[in-house]
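The data block below is entry-v2.txt; it holds compact mmCIF, C-alpha atoms.
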# COMPACT_ATOMS: atom_id res chain seq x y z
CA MET A 82 25.44 -12.06 -8.23
CA LYS A 83 22.92 -10.90 -10.83
CA THR A 84 21.13 -7.63 -10.16
CA HIS A 85 17.79 -7.03 -11.89
CA THR A 86 16.57 -3.64 -13.07
CA PHE A 87 14.32 -1.81 -15.52
CA LYS A 88 14.65 1.08 -17.95
CA GLY A 89 13.92 4.57 -16.63
CA GLY A 90 13.45 5.59 -13.02
CA ILE A 91 15.31 7.96 -10.72
CA PHE A 92 17.66 7.93 -7.73
CA PRO A 93 16.24 10.14 -4.95
CA ASN A 94 17.95 10.35 -1.56
CA GLU A 95 16.87 7.21 0.27
CA MET A 96 16.80 8.69 3.81
CA LYS A 97 16.22 5.21 5.21
CA GLU A 98 19.06 5.55 7.71
CA LEU A 99 16.69 7.62 9.87
CA SER A 100 14.62 4.58 10.87
CA LYS A 101 16.09 1.38 9.40
CA ASP A 102 17.73 0.37 12.68
CA CYS A 103 14.63 1.06 14.80
CA ALA A 104 12.79 -2.07 15.91
CA ILE A 105 9.00 -2.17 15.48
CA VAL A 106 7.33 -1.02 18.72
CA ASP A 107 3.66 -1.37 19.70
CA ALA A 108 1.85 1.94 20.21
CA PHE A 109 -1.69 2.91 21.21
CA PRO A 110 -3.64 6.15 20.69
CA SER A 111 -3.51 8.48 23.69
CA THR A 112 -7.27 9.11 23.43
CA ARG A 113 -7.94 5.36 23.64
CA THR A 114 -10.18 5.70 20.57
CA VAL A 115 -9.87 4.56 16.98
CA THR A 116 -11.68 5.95 13.95
CA ILE A 117 -12.03 3.12 11.44
CA PRO A 118 -13.02 3.84 7.82
CA VAL A 119 -16.02 1.70 6.89
CA THR A 120 -14.36 0.77 3.60
CA MET A 121 -10.62 0.22 3.12
CA GLY A 122 -10.39 -1.40 -0.29
CA GLY A 123 -12.92 -2.91 -2.68
CA ALA A 124 -16.67 -2.30 -2.89
CA PRO A 125 -18.29 -0.03 -0.26
CA ASN A 126 -19.20 -1.69 3.03
CA THR A 127 -22.25 -1.12 5.21
CA PRO A 128 -21.87 -0.69 9.00
CA LEU A 129 -23.14 -3.64 11.06
CA VAL A 130 -23.02 -1.79 14.38
CA LYS A 131 -24.74 1.25 15.84
CA ILE A 132 -23.77 3.90 18.38
CA GLY A 133 -23.62 2.44 21.87
CA ASP A 134 -22.86 -1.14 20.77
CA ALA A 135 -20.13 -3.03 22.61
CA VAL A 136 -17.62 -4.65 20.26
CA LYS A 137 -14.66 -6.99 20.64
CA ARG A 138 -11.26 -6.74 19.02
CA GLY A 139 -11.50 -8.63 15.74
CA GLN A 140 -15.29 -8.38 15.44
CA ILE A 141 -16.68 -7.51 12.00
CA ILE A 142 -18.20 -4.02 12.13
CA ALA A 143 -18.80 -3.38 8.41
CA LYS A 144 -19.10 -5.56 5.34
CA SER A 145 -20.62 -6.00 1.89
CA ASP A 146 -22.03 -9.02 0.08
CA LYS A 147 -20.22 -8.04 -3.12
CA PHE A 148 -17.33 -10.30 -4.16
CA MET A 149 -15.00 -7.33 -4.72
CA SER A 150 -15.10 -6.31 -1.07
CA ALA A 151 -13.25 -6.87 2.19
CA PRO A 152 -14.93 -6.62 5.61
CA VAL A 153 -13.69 -4.25 8.30
CA HIS A 154 -13.13 -5.31 11.91
CA SER A 155 -12.83 -3.50 15.22
CA SER A 156 -9.17 -3.09 16.14
CA VAL A 157 -9.97 -2.61 19.85
CA SER A 158 -12.42 -3.93 22.41
CA GLY A 159 -14.81 -1.21 23.50
CA LYS A 160 -17.94 0.78 22.66
CA VAL A 161 -19.05 2.46 19.43
CA LYS A 162 -19.12 6.23 20.09
CA LYS A 163 -19.74 7.75 16.65
CA ILE A 164 -20.57 6.82 13.06
CA GLN A 165 -19.89 9.81 10.86
CA THR A 166 -17.81 11.06 7.95
CA CYS A 167 -14.16 11.88 8.72
CA LEU A 168 -11.08 13.05 6.83
CA VAL A 169 -8.90 10.22 5.54
CA THR A 170 -5.79 9.83 3.37
CA GLY A 171 -6.35 11.58 0.05
CA ASN A 172 -8.20 14.40 1.83
CA MET A 173 -11.58 12.76 1.32
CA GLU A 174 -14.47 12.65 3.80
CA VAL A 175 -15.69 9.05 4.17
CA PRO A 176 -17.93 7.16 6.64
CA CYS A 177 -16.00 6.03 9.72
CA ILE A 178 -16.81 4.19 12.95
CA THR A 179 -15.25 5.63 16.12
CA ILE A 180 -14.73 3.15 18.96
CA GLU A 181 -13.55 3.93 22.49
CA ALA A 182 -11.39 1.16 23.96
CA ASP A 183 -12.47 -0.23 27.32
CA GLY A 184 -9.07 -1.54 28.35
CA THR A 185 -10.02 -5.21 28.12
CA SER A 186 -8.42 -7.80 25.84
CA ASP A 187 -11.66 -9.43 24.65
CA THR A 188 -11.31 -10.77 21.11
CA ASP A 189 -13.58 -12.24 18.47
CA PHE A 190 -11.04 -14.00 16.27
CA MET A 191 -11.74 -16.83 13.84
CA ASP A 192 -10.85 -20.45 14.49
CA ILE A 193 -7.33 -21.52 13.55
CA LEU A 194 -7.25 -23.08 10.05
CA ASP A 195 -4.51 -25.22 8.49
CA PRO A 196 -3.79 -23.52 5.15
CA PHE A 197 -2.22 -26.63 3.65
CA SER A 198 -5.03 -29.08 4.38
CA CYS A 199 -8.08 -26.92 3.69
CA THR A 200 -9.49 -26.48 0.19
CA LYS A 201 -8.57 -23.55 -2.04
CA GLN A 202 -12.06 -22.12 -1.64
CA GLU A 203 -11.83 -22.35 2.14
CA ALA A 204 -8.45 -20.61 2.05
CA LEU A 205 -9.77 -17.78 -0.12
CA GLU A 206 -12.80 -17.39 2.15
CA ARG A 207 -10.52 -17.18 5.19
CA ILE A 208 -8.49 -14.39 3.55
CA ARG A 209 -11.66 -12.51 2.68
CA ASP A 210 -13.20 -13.03 6.13
CA ALA A 211 -9.97 -11.64 7.63
CA GLY A 212 -10.47 -8.43 5.64
CA ILE A 213 -7.03 -8.70 4.05
CA VAL A 214 -6.19 -6.19 1.32
CA GLY A 215 -2.94 -5.14 -0.29
CA MET A 216 -0.90 -3.32 2.34
CA GLY A 217 1.46 -1.66 -0.11
CA GLY A 218 -0.98 1.21 -0.63
CA ALA A 219 -3.49 0.09 -3.27
CA SER A 220 -5.66 -1.89 -0.77
CA PHE A 221 -6.98 -4.26 -3.44
CA PRO A 222 -8.89 -7.21 -1.87
CA THR A 223 -6.39 -10.06 -1.62
CA HIS A 224 -8.87 -12.92 -2.06
CA VAL A 225 -9.72 -11.49 -5.48
CA LYS A 226 -6.07 -11.14 -6.48
CA LEU A 227 -5.35 -14.76 -5.50
CA ASN A 228 -8.22 -16.06 -7.63
CA PRO A 229 -7.33 -14.98 -11.19
CA PRO A 230 -9.40 -16.06 -14.22
CA ALA A 231 -8.94 -19.71 -15.24
CA ASP A 232 -7.24 -18.68 -18.48
CA LYS A 233 -4.47 -16.83 -16.60
CA LYS A 234 -1.68 -19.28 -15.79
CA ILE A 235 0.25 -18.02 -12.75
CA ASN A 236 3.85 -19.23 -12.61
CA TYR A 237 5.26 -16.96 -9.91
CA ILE A 238 4.26 -15.17 -6.73
CA LEU A 239 6.52 -12.12 -6.51
CA LEU A 240 6.95 -10.85 -2.97
CA ASN A 241 7.47 -7.12 -3.29
CA ALA A 242 10.16 -6.39 -0.71
CA ALA A 243 11.74 -3.58 -2.74
CA GLU A 244 10.34 -0.77 -0.54
CA CYS A 245 11.73 1.81 -2.96
CA GLU A 246 9.85 4.79 -1.48
CA PRO A 247 12.29 7.09 0.38
CA TYR A 248 12.13 7.21 4.21
CA LEU A 249 9.96 4.08 4.60
CA THR A 250 11.54 1.08 6.33
CA ILE A 251 8.65 -0.91 7.80
CA ASP A 252 9.02 -3.76 5.29
CA GLU A 253 12.76 -3.89 5.92
CA ARG A 254 12.20 -4.21 9.66
CA THR A 255 9.49 -6.85 9.17
CA LEU A 256 11.82 -8.96 7.02
CA LEU A 257 14.47 -8.76 9.73
CA GLU A 258 12.24 -9.28 12.75
CA SER A 259 9.71 -11.79 11.39
CA PRO A 260 11.30 -13.72 8.52
CA ASP A 261 9.49 -16.89 9.64
CA LYS A 262 6.09 -15.20 9.31
CA VAL A 263 7.03 -13.71 5.92
CA ILE A 264 8.06 -17.09 4.51
CA ASP A 265 5.01 -18.79 6.03
CA GLY A 266 2.62 -16.25 4.50
CA LEU A 267 4.36 -16.46 1.14
CA SER A 268 4.21 -20.28 1.26
CA ILE A 269 0.46 -20.12 1.94
CA VAL A 270 -0.08 -17.85 -1.07
CA MET A 271 2.06 -20.11 -3.26
CA HIS A 272 0.04 -23.13 -2.15
CA ILE A 273 -3.29 -21.42 -2.88
CA VAL A 274 -2.24 -20.30 -6.35
CA GLY A 275 0.03 -23.23 -7.25
CA ALA A 276 3.10 -21.18 -8.15
CA ASP A 277 6.75 -20.70 -7.22
CA GLY A 278 7.87 -17.76 -5.10
CA ILE A 279 10.45 -15.04 -5.69
CA ILE A 280 11.31 -12.42 -3.07
CA ALA A 281 12.39 -9.17 -4.74
CA LEU A 282 14.88 -7.20 -2.62
CA GLU A 283 16.63 -3.98 -3.57
CA THR A 284 20.42 -4.02 -3.23
CA ASN A 285 20.27 -1.57 -0.32
CA LYS A 286 18.74 -4.45 1.63
CA ALA A 287 21.07 -7.17 0.33
CA TYR A 288 22.20 -7.86 3.90
CA ILE A 289 18.77 -9.42 4.56
CA LYS A 290 19.18 -11.98 1.77
CA PRO A 291 21.07 -14.53 3.95
CA VAL A 292 18.45 -14.14 6.70
CA LEU A 293 15.67 -14.98 4.28
CA GLU A 294 17.58 -17.81 2.64
CA GLU A 295 18.20 -19.39 6.04
CA GLU A 296 14.50 -19.18 6.84
CA ILE A 297 13.63 -20.65 3.43
CA LYS A 298 15.99 -23.53 4.17
CA LYS A 299 14.27 -24.13 7.54
CA SER A 300 10.87 -24.16 5.84
CA GLY A 301 11.95 -26.81 3.35
CA LYS A 302 10.50 -24.77 0.47
CA SER A 303 12.88 -25.34 -2.44
CA ASN A 304 10.68 -23.32 -4.80
CA ILE A 305 11.30 -19.96 -3.10
CA SER A 306 14.25 -17.80 -4.19
CA VAL A 307 15.54 -14.31 -3.40
CA ALA A 308 16.35 -11.93 -6.26
CA LEU A 309 18.24 -8.67 -5.89
CA CYS A 310 17.06 -5.59 -7.80
CA LYS A 311 19.03 -2.43 -8.41
CA THR A 312 18.16 0.23 -5.86
CA LYS A 313 16.15 2.60 -8.02
CA TYR A 314 12.78 4.30 -7.76
CA PRO A 315 10.07 3.08 -8.51
CA GLN A 316 11.34 -0.51 -8.41
CA GLY A 317 8.40 -1.43 -6.18
CA CYS A 318 5.83 -0.70 -8.90
CA GLU A 319 4.27 -3.97 -10.01
CA LYS A 320 5.02 -3.32 -13.68
CA ASN A 321 8.68 -2.61 -12.94
CA ILE A 322 9.11 -5.66 -10.70
CA VAL A 323 7.66 -7.92 -13.39
CA ASP A 324 9.92 -6.28 -15.97
CA ALA A 325 13.03 -6.53 -13.80
CA ILE A 326 12.55 -10.01 -12.35
CA LEU A 327 10.75 -11.87 -15.13
CA GLY A 328 11.77 -9.82 -18.16
CA LYS A 329 8.11 -9.53 -19.19
CA GLU A 330 5.96 -6.51 -19.89
CA ILE A 331 2.48 -6.14 -18.48
CA PRO A 332 0.32 -4.96 -21.40
CA ALA A 333 -1.38 -1.57 -21.31
CA GLY A 334 -4.47 -1.84 -19.13
CA GLY A 335 -3.37 -5.31 -18.04
CA LEU A 336 -2.47 -6.93 -14.75
CA PRO A 337 0.56 -8.93 -13.52
CA ALA A 338 -1.55 -12.07 -14.12
CA ASP A 339 -1.26 -11.30 -17.84
CA ALA A 340 2.48 -11.86 -17.43
CA GLY A 341 2.02 -15.02 -15.35
CA ALA A 342 2.59 -13.40 -11.96
CA ILE A 343 0.83 -12.26 -8.81
CA ILE A 344 2.50 -9.65 -6.62
CA SER A 345 2.07 -9.44 -2.87
CA ASN A 346 3.41 -7.05 -0.24
CA VAL A 347 5.46 -8.03 2.82
CA GLY A 348 2.79 -6.85 5.24
CA THR A 349 0.08 -8.64 3.29
CA VAL A 350 1.69 -12.09 3.53
CA CYS A 351 2.27 -11.56 7.25
CA ALA A 352 -1.43 -10.75 7.68
CA ILE A 353 -2.28 -13.92 5.74
CA SER A 354 -0.12 -15.99 8.08
CA ASP A 355 -1.88 -14.46 11.11
CA ALA A 356 -5.31 -15.12 9.59
CA PHE A 357 -4.62 -18.87 9.41
CA ARG A 358 -2.26 -19.43 12.35
CA LYS A 359 -4.02 -17.15 14.86
CA GLY A 360 -7.45 -16.63 13.31
CA MET A 361 -6.68 -12.91 13.53
CA PRO A 362 -8.15 -10.49 10.97
CA LEU A 363 -6.25 -7.48 9.65
CA ILE A 364 -6.65 -5.10 12.58
CA ASP A 365 -3.09 -3.90 13.27
CA ARG A 366 -0.94 -1.81 10.94
CA PRO A 367 2.87 -1.61 11.14
CA LEU A 368 4.23 1.62 9.65
CA THR A 369 7.20 3.99 9.57
CA ILE A 370 7.14 7.45 11.16
CA SER A 371 9.96 9.47 9.62
CA GLY A 372 11.16 12.74 8.13
CA GLY A 373 13.44 15.53 9.23
CA ALA A 374 10.74 17.06 11.41
CA VAL A 375 10.53 13.96 13.64
CA GLU A 376 12.69 13.99 16.77
CA LYS A 377 13.31 10.24 16.70
CA PRO A 378 12.02 8.48 13.57
CA CYS A 379 10.61 5.04 14.36
CA ASN A 380 8.69 1.99 13.23
CA LEU A 381 5.41 1.39 15.04
CA LYS A 382 2.56 -1.13 15.08
CA VAL A 383 -0.79 0.45 15.89
CA PRO A 384 -4.48 -0.53 15.79
CA VAL A 385 -6.11 0.23 12.45
CA GLY A 386 -8.03 3.49 12.82
CA THR A 387 -5.51 5.19 15.11
CA ILE A 388 -5.57 8.95 14.49
CA VAL A 389 -2.01 10.07 13.69
CA GLY A 390 -2.22 13.02 16.06
CA ASP A 391 -3.14 10.68 18.92
CA LEU A 392 0.38 9.19 18.75
CA ILE A 393 2.00 12.57 19.50
CA PRO A 394 3.92 13.00 21.77
CA GLU A 395 3.61 9.61 23.50
CA ALA A 396 4.76 7.43 20.57
CA PHE A 397 6.84 10.05 18.73
CA GLU A 398 7.61 13.74 18.92
CA LEU A 399 7.94 16.48 16.31
CA LYS A 400 10.57 19.19 16.31
CA GLN A 401 9.04 22.52 17.28
CA GLY A 402 7.94 24.47 14.19
CA ALA A 403 9.89 22.20 11.81
CA THR A 404 7.04 20.53 9.90
CA ALA A 405 6.49 22.03 6.47
CA LYS A 406 4.57 19.13 4.96
CA ILE A 407 2.72 16.07 6.32
CA VAL A 408 2.55 13.12 3.94
CA SER A 409 0.46 9.99 4.36
CA GLY A 410 2.86 7.49 2.83
CA GLY A 411 6.25 8.31 1.38
CA PRO A 412 7.23 11.62 -0.27
CA MET A 413 7.01 10.33 -3.85
CA MET A 414 3.56 8.71 -4.01
CA GLY A 415 2.04 9.72 -0.70
CA PHE A 416 -0.72 12.27 -0.14
CA ALA A 417 -0.07 15.65 1.46
CA MET A 418 -2.40 16.14 4.42
CA THR A 419 -3.58 19.35 6.06
CA SER A 420 -3.13 18.06 9.62
CA THR A 421 -2.48 14.92 11.67
CA GLN A 422 -6.20 14.39 12.34
CA PHE A 423 -6.69 11.42 10.01
CA PRO A 424 -6.71 7.66 10.71
CA ILE A 425 -4.07 5.09 9.90
CA ALA A 426 -5.73 2.62 7.52
CA LYS A 427 -4.85 -0.86 6.30
CA GLY A 428 -2.85 0.58 3.41
CA THR A 429 -0.91 3.19 5.41
CA SER A 430 2.76 2.19 5.21
CA GLY A 431 4.12 5.36 6.76
CA ILE A 432 3.66 8.99 7.76
CA THR A 433 6.39 11.39 6.66
CA PHE A 434 6.92 14.77 8.31
CA LEU A 435 9.06 16.89 6.00
CA THR A 436 10.95 20.07 6.81
CA LYS A 437 11.18 23.02 4.45
CA ASP A 438 14.59 21.80 3.27
CA GLU A 439 13.17 18.36 2.44
CA THR A 440 10.33 19.53 0.25
CA TYR A 441 10.15 21.80 -2.75
CA LEU A 442 7.47 24.44 -2.29
CA VAL A 443 7.97 26.59 -5.39
CA ASP A 444 5.72 27.79 -8.18
CA GLU A 445 5.80 26.00 -11.51
CA SER A 446 7.12 27.77 -14.59
CA GLN A 447 6.79 27.26 -18.33
CA CYS A 448 7.75 23.81 -19.68
CA ILE A 449 11.04 24.08 -21.61
CA ASN A 450 10.50 20.82 -23.55
CA CYS A 451 13.75 19.32 -22.26
CA GLY A 452 12.43 15.76 -22.36
CA HIS A 453 13.81 14.79 -18.94
CA CYS A 454 10.38 13.49 -17.96
CA VAL A 455 10.37 11.14 -20.95
CA ASP A 456 13.75 9.69 -20.00
CA ALA A 457 12.73 9.18 -16.37
CA CYS A 458 9.29 7.65 -16.95
CA PRO A 459 9.45 3.94 -16.01
CA MET A 460 6.28 3.30 -18.03
CA HIS A 461 7.94 4.66 -21.21
CA LEU A 462 5.27 7.32 -21.62
CA THR A 463 5.59 10.94 -22.79
CA PRO A 464 4.51 13.04 -19.78
CA VAL A 465 5.19 16.32 -21.59
CA MET A 466 2.68 15.46 -24.31
CA MET A 467 0.16 14.23 -21.77
CA VAL A 468 0.31 17.45 -19.76
CA ASN A 469 0.15 19.61 -22.89
CA SER A 470 -3.01 17.77 -23.95
CA LEU A 471 -4.55 18.25 -20.51
CA LYS A 472 -3.76 21.96 -20.53
CA ALA A 473 -5.55 22.16 -23.89
CA GLU A 474 -8.49 20.22 -22.36
CA ASP A 475 -7.85 17.45 -24.88
CA ILE A 476 -8.61 14.40 -22.74
CA ASN A 477 -8.57 12.01 -25.69
CA GLY A 478 -5.14 13.29 -26.68
CA ALA A 479 -3.85 12.73 -23.16
CA LYS A 480 -5.23 9.19 -23.22
CA LYS A 481 -3.51 8.58 -26.55
CA PHE A 482 -0.18 9.52 -24.99
CA GLY A 483 -0.74 7.09 -22.10
CA LEU A 484 -2.62 8.98 -19.37
CA MET A 485 -4.39 5.89 -18.04
CA ASP A 486 -1.14 3.89 -17.96
CA CYS A 487 0.53 6.46 -15.70
CA ILE A 488 1.30 4.95 -12.26
CA GLU A 489 1.63 8.39 -10.61
CA CYS A 490 5.10 7.51 -9.31
CA GLY A 491 6.33 11.12 -9.47
CA CYS A 492 9.53 10.48 -11.43
CA CYS A 493 8.56 13.07 -14.03
CA SER A 494 7.83 15.74 -11.42
CA TYR A 495 11.09 14.93 -9.62
CA VAL A 496 13.27 15.61 -12.68
CA CYS A 497 11.27 18.54 -14.14
CA PRO A 498 13.43 21.72 -14.04
CA ALA A 499 10.33 23.86 -14.51
CA ASN A 500 8.62 22.29 -11.47
CA VAL A 501 5.49 21.52 -13.48
CA ARG A 502 2.94 19.73 -11.28
CA LEU A 503 2.78 16.77 -13.62
CA VAL A 504 1.44 14.09 -11.29
CA GLN A 505 -1.23 16.35 -9.85
CA ARG A 506 -2.43 17.19 -13.37
CA PHE A 507 -2.44 13.50 -14.33
CA ARG A 508 -4.51 12.58 -11.27
CA ILE A 509 -7.06 15.24 -12.18
CA GLY A 510 -7.08 14.08 -15.81
CA LYS A 511 -7.61 10.45 -14.83
CA SER A 512 -10.41 11.49 -12.49
CA ILE A 513 -12.13 13.28 -15.38
CA VAL A 514 -11.80 10.17 -17.57
CA ARG A 515 -13.25 7.92 -14.86
CA THR A 516 -16.14 10.32 -14.23
CA LYS A 517 -17.01 10.37 -17.94
CA MET A 518 -16.82 6.58 -18.08
CA ALA A 519 -19.18 6.30 -15.10
CA GLU A 520 -21.62 8.76 -16.68
CA GLU A 521 -21.60 6.83 -19.97
CA LYS A 522 -22.15 3.58 -18.11
CA ALA A 523 -25.07 5.08 -16.22
CA LYS A 524 -26.61 6.42 -19.43
CA ALA A 525 -26.26 3.02 -21.10
CA ALA A 526 -27.85 1.31 -18.13
CA ALA A 527 -30.74 3.81 -18.12
CA ALA A 528 -31.26 3.35 -21.84
CA GLY A 529 -31.28 -0.42 -21.43
CA ALA A 530 -33.80 -0.22 -18.61
CA ALA A 531 -36.08 2.00 -20.71
CA LYS A 532 -36.34 -0.58 -23.48
Write-out of the structure in structure tokens:
Amino acid sequence: MKTHTFKGGIFPNEMKELSKDCAIVDAFPSTRTVTIPVTMGGAPNTPLVKIGDAVKRGQIIAKSDKFMSAPVHSSVSGKVKKIQTCLVTGNMEVPCITIEADGTSDTDFMDILDPFSCTKQEALERIRDAGIVGMGGASFPTHVKLNPPADKKINYILLNAAECEPYLTIDERTLLESPDKVIDGLSIVMHIVGADGIIALETNKAYIKPVLEEEIKKSGKSNISVALCKTKYPQGCEKNIVDAILGKEIPAGGLPADAGAIISNVGTVCAISDAFRKGMPLIDRPLTISGGAVEKPCNLKVPVGTIVGDLIPEAFELKQGATAKIVSGGPMMGFAMTSTQFPIAKGTSGITFLTKDETYLVDESQCINCGHCVDACPMHLTPVMMVNSLKAEDINGAKKFGLMDCIECGCCSYVCPANVRLVQRFRIGKSIVRTKMAEEKAKAAAAGAAK
């Protein structure tokens, strides 16, 4: 059986045994309130509700008229209590709507829609109206992704089931527990785009392959296959999946569509299935709670906007004094958070509570120019040259060495014997570049308006 892979990457401890055998369980915040970010992918939304308004589960509470946007819905039935800025993943303060549940099951879902008899435009509008964004972390509006430019011929929909991030197992459990929904959602996407489907599984989940193949057989979809990838981090990166599965390289600054592919996450296709079959928008988020500081790691499904701390201790418990680091996401690409007082968003695939032994809290030392970061980089960049340029405040030099092509996967930091904070420096560098680009764009617009 052929195993696909890519050049570079690393082999961190998987730690998936902590939660891989734990079925997904529904959980609800102990405070009976959710704090929903107004925008969770795409262009900024504007609130449609005010304090004191009664809302139903599934009701749109914020939206934008811009194409590159996805509306946000209430994940509970209740009353709007607050509209204010709150801390979210990434340690940013953003506008959020806090809703107190009233204990009823009132919903405001859309009508059921047959995805195979409606038009492509109707299907894309349904996905947008459902507020569906990429659930792998990037939160890119899905209706935009599934409508590439006319000159981009899409041959394959790649279902990213690699789940290469250590500790996280929510995709694995979804594949096992809801293979019918996964295949249905993938089939809908394939129909919209007009492409074949390939499910990319890492070899550590090879035991799921027969389950999926049996479901594919039941569906009658002969143009869906399952491909095994070598268990290696970051196999789940879109550039690496395209490289491994299709043997094609996404050009610098390009997208998977440039290589004839569209990539979708397991959770995303399930949400698409629900949007058509149930008329349900994206209002629930399955995720993994794991790490050595968790008493019993688990996989939960919670309303979008649930504050992490409101799940403790009812949904899961932490070992007394064991938490050294809280990460929104997995330990490689997730964001370290100062507390548990932040909401679970559409793109939150897990929360990882690490002990002191599981994290590496040491000071960085002088780079020894060993080149390990170059060997590990899956994007074939030269991290050492990028960081040297940034230290010298040479942004253009860092860009020349590939700063903007960095996917922030953390491979370089993982192998660095000097513990240089490479990814953190690259994030800051990219932020500087984007700020300068925005300033130049604003100046150009002002100059054009003055003429």
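With only C-alpha atoms as the atoms that count, the residue of A:Ile141, A:Met216, A:Val119, A:Leu257 with the shortest distance to Thr166 in chain A is A:Val119.
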Neighbourhood query: residues within 7 Å of (10.7, 16.4, 17.8), file coordinates, counting only C-alpha atoms; return as a PyMOL selection string. chain A and resi 374-377+398-401
Selection near Leu249 in chain A, 9 Å with all atoms listed in the file, sequence-local residues under 3 positions removed, as a PDB file with C-alpha atoms, in the frame of the given file:
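out-v3.pdb was written with the following content:
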ATOM      1  CA  GLU A  95      16.870   7.210   0.270  1.00  0.00           C
ATOM      2  CA  MET A  96      16.800   8.690   3.810  1.00  0.00           C
ATOM      3  CA  LYS A  97      16.220   5.210   5.210  1.00  0.00           C
ATOM      4  CA  SER A 100      14.620   4.580  10.870  1.00  0.00           C
ATOM      5  CA  LYS A 101      16.090   1.380   9.400  1.00  0.00           C
ATOM      6  CA  GLU A 244      10.340  -0.770  -0.540  1.00  0.00           C
ATOM      7  CA  CYS A 245      11.730   1.810  -2.960  1.00  0.00           C
ATOM      8  CA  GLU A 246       9.850   4.790  -1.480  1.00  0.00           C
ATOM      9  CA  ASP A 252       9.020  -3.760   5.290  1.00  0.00           C
ATOM     10  CA  GLU A 253      12.760  -3.890   5.920  1.00  0.00           C
ATOM     11  CA  LEU A 368       4.230   1.620   9.650  1.00  0.00           C
ATOM     12  CA  THR A 369       7.200   3.990   9.570  1.00  0.00           C
ATOM     13  CA  ILE A 370       7.140   7.450  11.160  1.00  0.00           C
ATOM     14  CA  SER A 371       9.960   9.470   9.620  1.00  0.00           C
ATOM     15  CA  ASN A 380       8.690   1.990  13.230  1.00  0.00           C
ATOM     16  CA  GLY A 410       2.860   7.490   2.830  1.00  0.00           C
ATOM     17  CA  GLY A 411       6.250   8.310   1.380  1.00  0.00           C
ATOM     18  CA  SER A 430       2.760   2.190   5.210  1.00  0.00           C
ATOM     19  CA  GLY A 431       4.120   5.360   6.760  1.00  0.00           C
ATOM     20  CA  ILE A 432       3.660   8.990   7.760  1.00  0.00           C
ATOM     21  CA  THR A 433       6.390  11.390   6.660  1.00  0.00           C
TER      22      THR A 433
END
(-4.8, 5.4, 10.8) in this file's frame - what residues fall within 12 Å of it? Use only C-alpha atoms and give the answer as an mmCIF file with C-alpha atoms, in the frame of the given file.
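Saved to out.cif:
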data_model
loop_
_atom_site.group_PDB
_atom_site.id
_atom_site.type_symbol
_atom_site.label_atom_id
_atom_site.label_comp_id
_atom_site.auth_asym_id
_atom_site.auth_seq_id
_atom_site.Cartn_x
_atom_site.Cartn_y
_atom_site.Cartn_z
ATOM 1 C CA PHE A 109 -1.690 2.910 21.210
ATOM 2 C CA PRO A 110 -3.640 6.150 20.690
ATOM 3 C CA THR A 114 -10.180 5.700 20.570
ATOM 4 C CA VAL A 115 -9.870 4.560 16.980
ATOM 5 C CA THR A 116 -11.680 5.950 13.950
ATOM 6 C CA ILE A 117 -12.030 3.120 11.440
ATOM 7 C CA PRO A 118 -13.020 3.840 7.820
ATOM 8 C CA MET A 121 -10.620 0.220 3.120
ATOM 9 C CA SER A 156 -9.170 -3.090 16.140
ATOM 10 C CA CYS A 167 -14.160 11.880 8.720
ATOM 11 C CA LEU A 168 -11.080 13.050 6.830
ATOM 12 C CA VAL A 169 -8.900 10.220 5.540
ATOM 13 C CA THR A 170 -5.790 9.830 3.370
ATOM 14 C CA CYS A 177 -16.000 6.030 9.720
ATOM 15 C CA THR A 179 -15.250 5.630 16.120
ATOM 16 C CA ILE A 364 -6.650 -5.100 12.580
ATOM 17 C CA ASP A 365 -3.090 -3.900 13.270
ATOM 18 C CA ARG A 366 -0.940 -1.810 10.940
ATOM 19 C CA PRO A 367 2.870 -1.610 11.140
ATOM 20 C CA LEU A 368 4.230 1.620 9.650
ATOM 21 C CA LEU A 381 5.410 1.390 15.040
ATOM 22 C CA LYS A 382 2.560 -1.130 15.080
ATOM 23 C CA VAL A 383 -0.790 0.450 15.890
ATOM 24 C CA PRO A 384 -4.480 -0.530 15.790
ATOM 25 C CA VAL A 385 -6.110 0.230 12.450
ATOM 26 C CA GLY A 386 -8.030 3.490 12.820
ATOM 27 C CA THR A 387 -5.510 5.190 15.110
ATOM 28 C CA ILE A 388 -5.570 8.950 14.490
ATOM 29 C CA VAL A 389 -2.010 10.070 13.690
ATOM 30 C CA GLY A 390 -2.220 13.020 16.060
ATOM 31 C CA ASP A 391 -3.140 10.680 18.920
ATOM 32 C CA LEU A 392 0.380 9.190 18.750
ATOM 33 C CA SER A 409 0.460 9.990 4.360
ATOM 34 C CA GLY A 410 2.860 7.490 2.830
ATOM 35 C CA THR A 421 -2.480 14.920 11.670
ATOM 36 C CA GLN A 422 -6.200 14.390 12.340
ATOM 37 C CA PHE A 423 -6.690 11.420 10.010
ATOM 38 C CA PRO A 424 -6.710 7.660 10.710
ATOM 39 C CA ILE A 425 -4.070 5.090 9.900
ATOM 40 C CA ALA A 426 -5.730 2.620 7.520
ATOM 41 C CA LYS A 427 -4.850 -0.860 6.300
ATOM 42 C CA GLY A 428 -2.850 0.580 3.410
ATOM 43 C CA THR A 429 -0.910 3.190 5.410
ATOM 44 C CA SER A 430 2.760 2.190 5.210
ATOM 45 C CA GLY A 431 4.120 5.360 6.760
ATOM 46 C CA ILE A 432 3.660 8.990 7.760
#
Under the rule that only C-alpha atoms are counted, which of A:Gly348, A:Pro315, A:Pro337, A:Pro362 is the nearest residue to Ala211 in chain A?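 Using only C-alpha atoms, Ala211 in chain A sits closest to A:Pro362.
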